[in-house]
>>> print(open('entry-v3.tsv').read())   # TSV, N, CA and C atoms and all ligand atoms
chain	number	residue	atom	x	y	z
A	1	MET	N	-24.12	-10.52	59.39
A	1	MET	CA	-24.12	-9.51	60.47
A	1	MET	C	-23.59	-8.19	59.95
A	2	LYS	N	-24.24	-7.14	60.34
A	2	LYS	CA	-23.82	-5.81	59.88
A	2	LYS	C	-22.45	-5.46	60.45
A	3	LYS	N	-21.70	-4.77	59.63
A	3	LYS	CA	-20.33	-4.45	60.02
A	3	LYS	C	-20.27	-3.59	61.28
A	4	GLU	N	-21.21	-2.63	61.37
A	4	GLU	CA	-21.16	-1.73	62.53
A	4	GLU	C	-21.50	-2.47	63.83
A	5	ILE	N	-22.37	-3.47	63.72
A	5	ILE	CA	-22.68	-4.27	64.91
A	5	ILE	C	-21.49	-5.11	65.30
A	6	LEU	N	-20.86	-5.68	64.30
A	6	LEU	CA	-19.67	-6.48	64.53
A	6	LEU	C	-18.58	-5.64	65.20
A	7	GLU	N	-18.42	-4.41	64.73
A	7	GLU	CA	-17.42	-3.51	65.30
A	7	GLU	C	-17.72	-3.22	66.77
A	8	LYS	N	-19.00	-3.05	67.06
A	8	LYS	CA	-19.40	-2.77	68.44
A	8	LYS	C	-19.10	-3.96	69.35
A	9	LEU	N	-19.43	-5.15	68.85
A	9	LEU	CA	-19.17	-6.35	69.64
A	9	LEU	C	-17.67	-6.57	69.82
A	10	LYS	N	-16.94	-6.22	68.78
A	10	LYS	CA	-15.49	-6.36	68.84
A	10	LYS	C	-14.91	-5.42	69.91
A	11	ALA	N	-15.42	-4.20	69.93
A	11	ALA	CA	-14.96	-3.24	70.92
A	11	ALA	C	-15.27	-3.73	72.33
A	12	LYS	N	-16.43	-4.34	72.46
A	12	LYS	CA	-16.84	-4.87	73.75
A	12	LYS	C	-15.91	-6.01	74.19
A	13	LEU	N	-15.58	-6.84	73.23
A	13	LEU	CA	-14.67	-7.96	73.51
A	13	LEU	C	-13.28	-7.45	73.88
A	14	GLU	N	-12.85	-6.40	73.19
A	14	GLU	CA	-11.53	-5.84	73.49
A	14	GLU	C	-11.47	-5.30	74.90
A	15	LYS	N	-12.55	-4.64	75.29
A	15	LYS	CA	-12.65	-4.09	76.63
A	15	LYS	C	-12.62	-5.24	77.66
A	16	GLU	N	-13.35	-6.28	77.31
A	16	GLU	CA	-13.43	-7.42	78.22
A	16	GLU	C	-12.07	-8.11	78.36
A	17	LYS	N	-11.38	-8.21	77.24
A	17	LYS	CA	-10.06	-8.82	77.27
A	17	LYS	C	-9.12	-8.03	78.18
A	18	GLU	N	-9.20	-6.72	78.04
A	18	GLU	CA	-8.38	-5.83	78.85
A	18	GLU	C	-8.67	-6.05	80.35
A	19	ASN	N	-9.97	-6.09	80.67
A	19	ASN	CA	-10.36	-6.27	82.06
A	19	ASN	C	-9.92	-7.62	82.61
A	20	LEU	N	-10.11	-8.65	81.80
A	20	LEU	CA	-9.74	-9.99	82.25
A	20	LEU	C	-8.23	-10.08	82.50
A	21	GLU	N	-7.47	-9.49	81.58
A	21	GLU	CA	-6.01	-9.54	81.74
A	21	GLU	C	-5.56	-8.74	82.95
A	22	LYS	N	-6.23	-7.63	83.17
A	22	LYS	CA	-5.88	-6.80	84.32
A	22	LYS	C	-6.15	-7.56	85.62
A	23	GLU	N	-7.30	-8.22	85.64
A	23	GLU	CA	-7.68	-8.98	86.82
A	23	GLU	C	-6.70	-10.13	87.06
A	24	LEU	N	-6.38	-10.82	85.98
A	24	LEU	CA	-5.44	-11.94	86.10
A	24	LEU	C	-4.07	-11.46	86.56
A	25	LYS	N	-3.63	-10.35	86.01
A	25	LYS	CA	-2.30	-9.83	86.34
A	25	LYS	C	-2.18	-9.46	87.81
A	26	SER	N	-3.34	-9.17	88.44
A	26	SER	CA	-3.28	-8.74	89.83
A	26	SER	C	-2.87	-9.87	90.77
A	27	PHE	N	-3.08	-11.11	90.35
A	27	PHE	CA	-2.65	-12.20	91.25
A	27	PHE	C	-2.03	-13.39	90.53
A	28	ALA	N	-1.91	-13.28	89.21
A	28	ALA	CA	-1.33	-14.40	88.49
A	28	ALA	C	-0.33	-13.88	87.48
A	29	LYS	N	0.49	-14.77	86.97
A	29	LYS	CA	1.39	-14.35	85.90
A	29	LYS	C	1.26	-15.29	84.72
A	30	LYS	N	1.54	-14.73	83.56
A	30	LYS	CA	1.44	-15.49	82.33
A	30	LYS	C	2.46	-16.61	82.31
A	31	ASN	N	2.04	-17.74	81.83
A	31	ASN	CA	2.99	-18.83	81.63
A	31	ASN	C	3.70	-18.57	80.30
A	32	PRO	N	5.02	-18.29	80.36
A	32	PRO	CA	5.71	-17.94	79.11
A	32	PRO	C	5.80	-19.11	78.13
A	33	LYS	N	5.63	-20.34	78.65
A	33	LYS	CA	5.79	-21.52	77.80
A	33	LYS	C	4.49	-21.95	77.12
A	34	LEU	N	3.38	-21.53	77.69
A	34	LEU	CA	2.11	-22.00	77.16
A	34	LEU	C	1.18	-20.81	76.94
A	35	LYS	N	0.88	-20.53	75.69
A	35	LYS	CA	0.06	-19.38	75.35
A	35	LYS	C	-1.33	-19.50	75.98
A	36	GLY	N	-1.76	-18.43	76.59
A	36	GLY	CA	-3.10	-18.41	77.17
A	36	GLY	C	-3.19	-19.05	78.54
A	37	ASP	N	-2.07	-19.51	79.05
A	37	ASP	CA	-2.09	-20.14	80.37
A	37	ASP	C	-1.55	-19.15	81.40
A	38	TRP	N	-2.22	-19.11	82.52
A	38	TRP	CA	-1.82	-18.22	83.61
A	38	TRP	C	-1.60	-19.06	84.86
A	39	ASN	N	-0.69	-18.60	85.70
A	39	ASN	CA	-0.45	-19.29	86.96
A	39	ASN	C	-0.65	-18.33	88.12
A	40	THR	N	-1.43	-18.77	89.07
A	40	THR	CA	-1.61	-17.97	90.27
A	40	THR	C	-0.29	-17.89	91.02
A	41	LYS	N	0.05	-16.68	91.42
A	41	LYS	CA	1.30	-16.51	92.15
A	41	LYS	C	1.17	-17.13	93.54
A	42	TYR	N	2.14	-17.88	93.92
A	42	TYR	CA	2.11	-18.45	95.25
A	42	TYR	C	2.58	-17.39	96.24
A	43	PRO	N	1.89	-17.28	97.36
A	43	PRO	CA	2.30	-16.24	98.31
A	43	PRO	C	3.72	-16.45	98.81
A	44	GLU	N	4.38	-15.36	99.09
A	44	GLU	CA	5.75	-15.45	99.58
A	44	GLU	C	5.74	-15.41	101.10
A	45	PHE	N	6.43	-16.35	101.66
A	45	PHE	CA	6.47	-16.40	103.13
A	45	PHE	C	7.74	-15.75	103.62
A	46	ASN	N	7.67	-14.46	103.75
A	46	ASN	CA	8.88	-13.78	104.21
A	46	ASN	C	8.55	-12.84	105.37
A	47	ARG	N	7.57	-13.27	106.14
A	47	ARG	CA	7.17	-12.40	107.25
A	47	ARG	C	7.80	-12.83	108.56
A	48	GLY	N	8.78	-13.68	108.45
A	48	GLY	CA	9.45	-14.10	109.67
A	48	GLY	C	8.75	-15.29	110.30
A	49	VAL	N	9.38	-15.84	111.30
A	49	VAL	CA	8.82	-17.01	111.96
A	49	VAL	C	8.03	-16.60	113.19
A	50	GLY	N	7.64	-17.59	113.98
A	50	GLY	CA	6.81	-17.29	115.14
A	50	GLY	C	5.38	-17.62	114.83
A	51	SER	N	4.54	-17.69	115.85
A	51	SER	CA	3.16	-18.13	115.64
A	51	SER	C	2.40	-17.17	114.71
A	52	GLN	N	2.67	-15.89	114.87
A	52	GLN	CA	1.98	-14.91	114.02
A	52	GLN	C	2.33	-15.13	112.56
A	53	GLY	N	3.60	-15.35	112.32
A	53	GLY	CA	4.06	-15.59	110.96
A	53	GLY	C	3.42	-16.82	110.36
A	54	LEU	N	3.31	-17.86	111.15
A	54	LEU	CA	2.71	-19.11	110.66
A	54	LEU	C	1.23	-18.92	110.35
A	55	GLU	N	0.58	-18.15	111.20
A	55	GLU	CA	-0.83	-17.89	110.96
A	55	GLU	C	-1.02	-17.12	109.66
A	56	ASP	N	-0.18	-16.14	109.45
A	56	ASP	CA	-0.23	-15.38	108.20
A	56	ASP	C	-0.01	-16.30	107.01
A	57	ALA	N	0.95	-17.20	107.20
A	57	ALA	CA	1.26	-18.12	106.11
A	57	ALA	C	0.05	-18.99	105.80
A	58	ALA	N	-0.63	-19.45	106.83
A	58	ALA	CA	-1.81	-20.28	106.63
A	58	ALA	C	-2.89	-19.49	105.89
A	59	ASP	N	-3.05	-18.22	106.26
A	59	ASP	CA	-4.01	-17.37	105.58
A	59	ASP	C	-3.66	-17.21	104.11
A	60	GLU	N	-2.36	-17.08	103.86
A	60	GLU	CA	-1.93	-16.89	102.49
A	60	GLU	C	-2.15	-18.13	101.64
A	61	VAL	N	-1.93	-19.29	102.26
A	61	VAL	CA	-2.18	-20.54	101.53
A	61	VAL	C	-3.67	-20.63	101.21
A	62	GLU	N	-4.47	-20.27	102.20
A	62	GLU	CA	-5.91	-20.33	101.98
A	62	GLU	C	-6.31	-19.38	100.86
A	63	GLU	N	-5.73	-18.19	100.88
A	63	GLU	CA	-6.03	-17.21	99.84
A	63	GLU	C	-5.63	-17.75	98.48
A	64	TYR	N	-4.47	-18.37	98.44
A	64	TYR	CA	-3.98	-18.95	97.19
A	64	TYR	C	-4.96	-20.00	96.68
A	65	LEU	N	-5.40	-20.87	97.58
A	65	LEU	CA	-6.32	-21.93	97.18
A	65	LEU	C	-7.67	-21.36	96.73
A	66	ASN	N	-8.06	-20.25	97.34
A	66	ASN	CA	-9.30	-19.60	96.92
A	66	ASN	C	-9.18	-18.97	95.54
A	67	LEU	N	-7.96	-18.53	95.24
A	67	LEU	CA	-7.75	-17.84	93.97
A	67	LEU	C	-7.70	-18.79	92.78
A	68	LEU	N	-7.31	-20.04	93.04
A	68	LEU	CA	-7.13	-20.98	91.92
A	68	LEU	C	-8.37	-21.12	91.02
A	69	PRO	N	-9.55	-21.38	91.61
A	69	PRO	CA	-10.72	-21.50	90.72
A	69	PRO	C	-11.07	-20.19	90.03
A	70	ILE	N	-10.79	-19.06	90.69
A	70	ILE	CA	-11.06	-17.75	90.07
A	70	ILE	C	-10.14	-17.57	88.87
A	71	GLU	N	-8.88	-17.94	89.07
A	71	GLU	CA	-7.91	-17.85	87.98
A	71	GLU	C	-8.34	-18.73	86.81
A	72	ALA	N	-8.76	-19.95	87.11
A	72	ALA	CA	-9.18	-20.88	86.05
A	72	ALA	C	-10.36	-20.30	85.28
A	73	ASN	N	-11.28	-19.69	86.00
A	73	ASN	CA	-12.46	-19.11	85.38
A	73	ASN	C	-12.11	-17.92	84.48
A	74	LEU	N	-11.24	-17.05	85.00
A	74	LEU	CA	-10.82	-15.88	84.20
A	74	LEU	C	-10.06	-16.33	82.96
A	75	GLU	N	-9.22	-17.33	83.15
A	75	GLU	CA	-8.42	-17.85	82.04
A	75	GLU	C	-9.34	-18.42	80.96
A	76	LEU	N	-10.36	-19.13	81.38
A	76	LEU	CA	-11.30	-19.72	80.44
A	76	LEU	C	-12.04	-18.63	79.67
A	77	ARG	N	-12.46	-17.59	80.40
A	77	ARG	CA	-13.17	-16.50	79.74
A	77	ARG	C	-12.27	-15.79	78.74
A	78	LEU	N	-11.01	-15.63	79.13
A	78	LEU	CA	-10.05	-14.98	78.23
A	78	LEU	C	-9.85	-15.82	76.97
A	79	GLN	N	-9.83	-17.14	77.13
A	79	GLN	CA	-9.69	-18.01	75.97
A	79	GLN	C	-10.89	-17.89	75.04
A	80	LEU	N	-12.07	-17.77	75.64
A	80	LEU	CA	-13.28	-17.62	74.83
A	80	LEU	C	-13.26	-16.30	74.07
A	81	VAL	N	-12.80	-15.25	74.76
A	81	VAL	CA	-12.71	-13.94	74.11
A	81	VAL	C	-11.73	-14.02	72.93
A	82	ASN	N	-10.58	-14.66	73.16
A	82	ASN	CA	-9.60	-14.79	72.09
A	82	ASN	C	-10.14	-15.62	70.93
A	83	SER	N	-10.89	-16.65	71.26
A	83	SER	CA	-11.40	-17.47	70.16
A	83	SER	C	-12.51	-16.73	69.41
A	84	ALA	N	-13.22	-15.83	70.10
A	84	ALA	CA	-14.20	-14.99	69.41
A	84	ALA	C	-13.50	-14.07	68.40
A	85	PHE	N	-12.32	-13.55	68.78
A	85	PHE	CA	-11.54	-12.72	67.86
A	85	PHE	C	-11.12	-13.52	66.64
A	86	GLU	N	-10.69	-14.75	66.89
A	86	GLU	CA	-10.29	-15.63	65.79
A	86	GLU	C	-11.44	-15.84	64.81
A	87	LYS	N	-12.62	-16.09	65.39
A	87	LYS	CA	-13.80	-16.33	64.56
A	87	LYS	C	-14.16	-15.08	63.76
A	88	MET	N	-13.95	-13.91	64.37
A	88	MET	CA	-14.22	-12.66	63.64
A	88	MET	C	-13.29	-12.55	62.44
A	89	LYS	N	-12.04	-12.91	62.68
A	89	LYS	CA	-11.04	-12.85	61.60
A	89	LYS	C	-11.43	-13.76	60.45
A	90	LYS	N	-11.96	-14.92	60.80
A	90	LYS	CA	-12.33	-15.90	59.78
A	90	LYS	C	-13.74	-15.69	59.24
A	91	GLY	N	-14.42	-14.66	59.77
A	91	GLY	CA	-15.77	-14.40	59.32
A	91	GLY	C	-16.79	-15.42	59.79
A	92	LYS	N	-16.46	-16.12	60.88
A	92	LYS	CA	-17.37	-17.14	61.39
A	92	LYS	C	-17.98	-16.74	62.72
A	93	TYR	N	-17.85	-15.47	63.03
A	93	TYR	CA	-18.30	-15.03	64.34
A	93	TYR	C	-19.82	-15.11	64.51
A	94	GLY	N	-20.24	-15.48	65.71
A	94	GLY	CA	-21.66	-15.46	66.04
A	94	GLY	C	-22.39	-16.75	65.76
A	95	ARG	N	-21.68	-17.74	65.22
A	95	ARG	CA	-22.30	-19.01	64.94
A	95	ARG	C	-22.16	-19.94	66.14
A	96	CYS	N	-23.22	-20.64	66.45
A	96	CYS	CA	-23.18	-21.60	67.54
A	96	CYS	C	-22.26	-22.76	67.14
A	97	GLU	N	-21.39	-23.16	68.07
A	97	GLU	CA	-20.43	-24.20	67.73
A	97	GLU	C	-21.07	-25.60	67.71
A	98	LYS	N	-22.28	-25.68	68.20
A	98	LYS	CA	-22.94	-26.99	68.22
A	98	LYS	C	-23.91	-27.15	67.04
A	99	CYS	N	-24.88	-26.25	66.95
A	99	CYS	CA	-25.89	-26.41	65.90
A	99	CYS	C	-25.56	-25.60	64.64
A	100	LYS	N	-24.46	-24.79	64.75
A	100	LYS	CA	-23.96	-24.01	63.61
A	100	LYS	C	-24.91	-22.89	63.14
A	101	LYS	N	-25.94	-22.65	63.92
A	101	LYS	CA	-26.85	-21.57	63.53
A	101	LYS	C	-26.33	-20.24	64.06
A	102	GLN	N	-26.73	-19.20	63.37
A	102	GLN	CA	-26.36	-17.86	63.81
A	102	GLN	C	-27.06	-17.55	65.13
A	103	MET	N	-26.30	-17.07	66.09
A	103	MET	CA	-26.90	-16.75	67.39
A	103	MET	C	-27.63	-15.43	67.32
A	104	SER	N	-28.57	-15.26	68.22
A	104	SER	CA	-29.34	-14.02	68.22
A	104	SER	C	-28.45	-12.86	68.67
A	105	LEU	N	-28.79	-11.71	68.20
A	105	LEU	CA	-28.01	-10.53	68.54
A	105	LEU	C	-28.09	-10.22	70.04
A	106	GLU	N	-29.24	-10.50	70.62
A	106	GLU	CA	-29.41	-10.27	72.06
A	106	GLU	C	-28.40	-11.11	72.84
A	107	ARG	N	-28.26	-12.34	72.40
A	107	ARG	CA	-27.31	-13.25	73.06
A	107	ARG	C	-25.88	-12.73	72.94
A	108	LEU	N	-25.53	-12.30	71.74
A	108	LEU	CA	-24.16	-11.82	71.51
A	108	LEU	C	-23.89	-10.50	72.21
A	109	LYS	N	-24.92	-9.69	72.29
A	109	LYS	CA	-24.74	-8.41	72.98
A	109	LYS	C	-24.51	-8.64	74.47
A	110	ALA	N	-25.24	-9.61	75.02
A	110	ALA	CA	-25.11	-9.88	76.45
A	110	ALA	C	-23.83	-10.66	76.74
A	111	TYR	N	-23.42	-11.46	75.77
A	111	TYR	CA	-22.32	-12.38	76.01
A	111	TYR	C	-21.56	-12.58	74.69
A	112	PRO	N	-20.77	-11.56	74.33
A	112	PRO	CA	-20.16	-11.57	72.99
A	112	PRO	C	-19.19	-12.73	72.74
A	113	GLU	N	-18.69	-13.36	73.81
A	113	GLU	CA	-17.76	-14.47	73.59
A	113	GLU	C	-18.46	-15.83	73.60
A	114	ALA	N	-19.80	-15.79	73.52
A	114	ALA	CA	-20.57	-17.03	73.59
A	114	ALA	C	-20.14	-18.06	72.54
A	115	GLN	N	-20.05	-19.31	72.96
A	115	GLN	CA	-19.72	-20.39	72.03
A	115	GLN	C	-20.99	-21.04	71.48
A	116	PHE	N	-22.00	-21.06	72.35
A	116	PHE	CA	-23.22	-21.77	71.99
A	116	PHE	C	-24.44	-20.86	72.08
A	117	CYS	N	-25.44	-21.16	71.30
A	117	CYS	CA	-26.68	-20.42	71.40
A	117	CYS	C	-27.40	-20.83	72.68
A	118	ILE	N	-28.43	-20.11	73.00
A	118	ILE	CA	-29.12	-20.36	74.27
A	118	ILE	C	-29.68	-21.78	74.31
A	119	LYS	N	-30.17	-22.27	73.19
A	119	LYS	CA	-30.73	-23.62	73.13
A	119	LYS	C	-29.68	-24.68	73.44
A	120	CYS	N	-28.53	-24.54	72.80
A	120	CYS	CA	-27.49	-25.56	72.96
A	120	CYS	C	-26.79	-25.46	74.30
A	121	LYS	N	-26.85	-24.32	74.90
A	121	LYS	CA	-26.17	-24.13	76.17
A	121	LYS	C	-26.86	-24.91	77.30
A	122	LYS	N	-28.16	-25.13	77.11
A	122	LYS	CA	-28.94	-25.80	78.16
A	122	LYS	C	-28.56	-27.27	78.29
A	201	ZN	ZN	-26.86	-23.94	68.97
>>> encode(input="entry-v3.tsv", output="structure tokens", more="lines below")
Ligand SMILES: [Zn+2]
Amino acid sequence: MKKEILEKLKAKLEKEKENLEKELKSFAKKNPKLKGDWNTKYPEFNRGVGSQGLEDAADEVEEYLNLLPIEANLELRLQLVNSAFEKMKKGKYGRCEKCKKQMSLERLKAYPEAQFCIKCKK
């Protein structure tokens, strides 16, 4: 792979990493004990008691439960981005992890953190 193309993909990945972390930070916090792990913040119930307060609390629990799969998805994407950086460092970037063939540039441009080529992904 040409160096300038690699640099472009790297810049794209860096941007993506930034965005993913920003998104995660908005509702989750990093797990200090486990690298790459994020935890969705549990809503704080400090709006007082009473029926209104309980209803708010129920909404917050629902919101929390809705956020969990989003957090898992963002976390997974972030892990893929980080592993793409690792592969770049080792000079193994762009290879399908299943068939070991070099992925097409179109695939990498559309999805620079791809683990598998289009064939293997199916
Ligand atoms: Zn493949």
>>> closest_atom_pairs(input="entry-v3.tsv", of="region 4-56 of chain A", to="region 100-116 of chain A", cutoff="8 Å", atoms="all atoms listed in the file", output="CSV")
residue,atom,partner,partner_atom,distance
A:Leu9,CA,A:Pro112,CA,6.3
A:Lys10,N,A:Pro112,CA,7.5
A:Lys12,C,A:Pro112,CA,7.1
A:Leu13,N,A:Pro112,CA,6.6
>>> select_by_dssp(input="entry-v3.tsv", residues="region 25-121 of chain A", states="alpha helix (DSSP H)", output="NGL selection string")
:A and (25-27 or 51-89 or 105-110 or 118-121)
>>> residues_near_ligand(input="entry-v3.tsv", ligand="ligand ZN 201 (chain A)", cutoff="6 Å", atoms="all atoms listed in the file", output="count of residues only")
12
>>> select_by_dssp(input="entry-v3.tsv", residues="chain A", states="strand (DSSP E or B)", output="PyMOL selection string")
chain A and resi 28-30+38-40+95+102
>>> closest_residue(input="entry-v3.tsv", among="A:Phe27, A:Lys92, A:Ala84, A:Gly36", to="Leu65 (chain A)", atoms="only C-alpha atoms")
A:Phe27
>>> atom_distance(input="entry-v3.tsv", atom1="atom C of Ser26 (chain A)", atom2="atom N of Tyr42 (chain A)")
10.0 Å
>>> atom_distance(input="entry-v3.tsv", atom1="atom N of Asn39 (chain A)", atom2="atom C of Ala57 (chain A)")
20.1 Å
>>> atom_distance(input="entry-v3.tsv", atom1="CA of Leu6 (chain A)", atom2="CA of Leu24 (chain A)")
26.4 Å
>>> closest_residue(input="entry-v3.tsv", among="A:Lys41, A:Gly91, A:Glu60, A:Glu16", to="Ala28 (chain A)", atoms="all atoms listed in the file")
A:Lys41
>>> build_atoms(input="entry-v3.tsv", residues="region 92-102 of chain A", atoms="all heavy atoms", output="PDB file, keeping the file's coordinate frame")
ATOM      1  N   LYS A  92     -16.460 -16.120  60.880  1.00  0.00           N
ATOM      2  CA  LYS A  92     -17.370 -17.140  61.390  1.00  0.00           C
ATOM      3  C   LYS A  92     -17.980 -16.740  62.720  1.00  0.00           C
ATOM      4  O   LYS A  92     -18.542 -17.564  63.442  1.00  0.00           O
ATOM      5  CB  LYS A  92     -16.609 -18.458  61.594  1.00  0.00           C
ATOM      6  CG  LYS A  92     -16.253 -19.150  60.307  1.00  0.00           C
ATOM      7  CD  LYS A  92     -15.512 -20.436  60.633  1.00  0.00           C
ATOM      8  CE  LYS A  92     -15.090 -21.156  59.372  1.00  0.00           C
ATOM      9  NZ  LYS A  92     -14.119 -22.210  59.658  1.00  0.00           N
ATOM     10  N   TYR A  93     -17.850 -15.470  63.030  1.00  0.00           N
ATOM     11  CA  TYR A  93     -18.300 -15.030  64.340  1.00  0.00           C
ATOM     12  C   TYR A  93     -19.820 -15.110  64.510  1.00  0.00           C
ATOM     13  O   TYR A  93     -20.560 -14.813  63.575  1.00  0.00           O
ATOM     14  CB  TYR A  93     -17.836 -13.603  64.605  1.00  0.00           C
ATOM     15  CG  TYR A  93     -18.319 -13.071  65.917  1.00  0.00           C
ATOM     16  CD1 TYR A  93     -17.777 -13.541  67.106  1.00  0.00           C
ATOM     17  CD2 TYR A  93     -19.342 -12.140  65.974  1.00  0.00           C
ATOM     18  CE1 TYR A  93     -18.237 -13.078  68.319  1.00  0.00           C
ATOM     19  CE2 TYR A  93     -19.808 -11.671  67.185  1.00  0.00           C
ATOM     20  CZ  TYR A  93     -19.252 -12.146  68.355  1.00  0.00           C
ATOM     21  OH  TYR A  93     -19.727 -11.695  69.554  1.00  0.00           O
ATOM     22  N   GLY A  94     -20.240 -15.480  65.710  1.00  0.00           N
ATOM     23  CA  GLY A  94     -21.660 -15.460  66.040  1.00  0.00           C
ATOM     24  C   GLY A  94     -22.390 -16.750  65.760  1.00  0.00           C
ATOM     25  O   GLY A  94     -23.580 -16.862  66.029  1.00  0.00           O
ATOM     26  N   ARG A  95     -21.680 -17.740  65.220  1.00  0.00           N
ATOM     27  CA  ARG A  95     -22.300 -19.010  64.940  1.00  0.00           C
ATOM     28  C   ARG A  95     -22.160 -19.940  66.140  1.00  0.00           C
ATOM     29  O   ARG A  95     -21.104 -20.014  66.750  1.00  0.00           O
ATOM     30  CB  ARG A  95     -21.618 -19.659  63.736  1.00  0.00           C
ATOM     31  CG  ARG A  95     -22.556 -19.955  62.606  1.00  0.00           C
ATOM     32  CD  ARG A  95     -21.765 -20.373  61.386  1.00  0.00           C
ATOM     33  NE  ARG A  95     -21.742 -19.304  60.410  1.00  0.00           N
ATOM     34  CZ  ARG A  95     -22.707 -19.126  59.503  1.00  0.00           C
ATOM     35  NH1 ARG A  95     -23.723 -19.927  59.450  1.00  0.00           N
ATOM     36  NH2 ARG A  95     -22.649 -18.122  58.654  1.00  0.00           N
ATOM     37  N   CYS A  96     -23.220 -20.640  66.450  1.00  0.00           N
ATOM     38  CA  CYS A  96     -23.180 -21.600  67.540  1.00  0.00           C
ATOM     39  C   CYS A  96     -22.260 -22.760  67.140  1.00  0.00           C
ATOM     40  O   CYS A  96     -22.331 -23.253  66.022  1.00  0.00           O
ATOM     41  CB  CYS A  96     -24.581 -22.113  67.827  1.00  0.00           C
ATOM     42  SG  CYS A  96     -24.612 -23.503  68.960  1.00  0.00           S
ATOM     43  N   GLU A  97     -21.390 -23.160  68.070  1.00  0.00           N
ATOM     44  CA  GLU A  97     -20.430 -24.200  67.730  1.00  0.00           C
ATOM     45  C   GLU A  97     -21.070 -25.600  67.710  1.00  0.00           C
ATOM     46  O   GLU A  97     -20.457 -26.552  67.267  1.00  0.00           O
ATOM     47  CB  GLU A  97     -19.246 -24.165  68.698  1.00  0.00           C
ATOM     48  CG  GLU A  97     -18.341 -22.987  68.401  1.00  0.00           C
ATOM     49  CD  GLU A  97     -17.160 -22.879  69.351  1.00  0.00           C
ATOM     50  OE1 GLU A  97     -16.792 -23.882  69.978  1.00  0.00           O
ATOM     51  OE2 GLU A  97     -16.622 -21.764  69.467  1.00  0.00           O
ATOM     52  N   LYS A  98     -22.280 -25.680  68.200  1.00  0.00           N
ATOM     53  CA  LYS A  98     -22.940 -26.990  68.220  1.00  0.00           C
ATOM     54  C   LYS A  98     -23.910 -27.150  67.040  1.00  0.00           C
ATOM     55  O   LYS A  98     -23.750 -28.040  66.231  1.00  0.00           O
ATOM     56  CB  LYS A  98     -23.689 -27.155  69.539  1.00  0.00           C
ATOM     57  CG  LYS A  98     -23.787 -28.583  69.988  1.00  0.00           C
ATOM     58  CD  LYS A  98     -24.241 -28.581  71.431  1.00  0.00           C
ATOM     59  CE  LYS A  98     -24.345 -29.961  72.018  1.00  0.00           C
ATOM     60  NZ  LYS A  98     -24.785 -29.852  73.423  1.00  0.00           N
ATOM     61  N   CYS A  99     -24.880 -26.250  66.950  1.00  0.00           N
ATOM     62  CA  CYS A  99     -25.890 -26.410  65.900  1.00  0.00           C
ATOM     63  C   CYS A  99     -25.560 -25.600  64.640  1.00  0.00           C
ATOM     64  O   CYS A  99     -26.253 -25.702  63.639  1.00  0.00           O
ATOM     65  CB  CYS A  99     -27.273 -26.039  66.435  1.00  0.00           C
ATOM     66  SG  CYS A  99     -27.459 -24.288  66.807  1.00  0.00           S
ATOM     67  N   LYS A 100     -24.460 -24.790  64.750  1.00  0.00           N
ATOM     68  CA  LYS A 100     -23.960 -24.010  63.610  1.00  0.00           C
ATOM     69  C   LYS A 100     -24.910 -22.890  63.140  1.00  0.00           C
ATOM     70  O   LYS A 100     -24.694 -22.308  62.085  1.00  0.00           O
ATOM     71  CB  LYS A 100     -23.623 -24.893  62.393  1.00  0.00           C
ATOM     72  CG  LYS A 100     -22.788 -26.109  62.718  1.00  0.00           C
ATOM     73  CD  LYS A 100     -21.351 -25.727  63.012  1.00  0.00           C
ATOM     74  CE  LYS A 100     -20.555 -26.961  63.447  1.00  0.00           C
ATOM     75  NZ  LYS A 100     -19.348 -26.634  64.167  1.00  0.00           N
ATOM     76  N   LYS A 101     -25.940 -22.650  63.920  1.00  0.00           N
ATOM     77  CA  LYS A 101     -26.850 -21.570  63.530  1.00  0.00           C
ATOM     78  C   LYS A 101     -26.330 -20.240  64.060  1.00  0.00           C
ATOM     79  O   LYS A 101     -25.620 -20.191  65.063  1.00  0.00           O
ATOM     80  CB  LYS A 101     -28.239 -21.834  64.135  1.00  0.00           C
ATOM     81  CG  LYS A 101     -29.025 -22.831  63.320  1.00  0.00           C
ATOM     82  CD  LYS A 101     -30.411 -22.981  63.917  1.00  0.00           C
ATOM     83  CE  LYS A 101     -31.098 -24.212  63.339  1.00  0.00           C
ATOM     84  NZ  LYS A 101     -32.004 -24.841  64.299  1.00  0.00           N
ATOM     85  N   GLN A 102     -26.730 -19.200  63.370  1.00  0.00           N
ATOM     86  CA  GLN A 102     -26.360 -17.860  63.810  1.00  0.00           C
ATOM     87  C   GLN A 102     -27.060 -17.550  65.130  1.00  0.00           C
ATOM     88  O   GLN A 102     -28.254 -17.772  65.266  1.00  0.00           O
ATOM     89  CB  GLN A 102     -26.752 -16.841  62.741  1.00  0.00           C
ATOM     90  CG  GLN A 102     -26.311 -15.417  63.007  1.00  0.00           C
ATOM     91  CD  GLN A 102     -24.797 -15.241  62.948  1.00  0.00           C
ATOM     92  OE1 GLN A 102     -24.107 -15.858  62.153  1.00  0.00           O
ATOM     93  NE2 GLN A 102     -24.272 -14.397  63.812  1.00  0.00           N
TER      94      GLN A 102
END
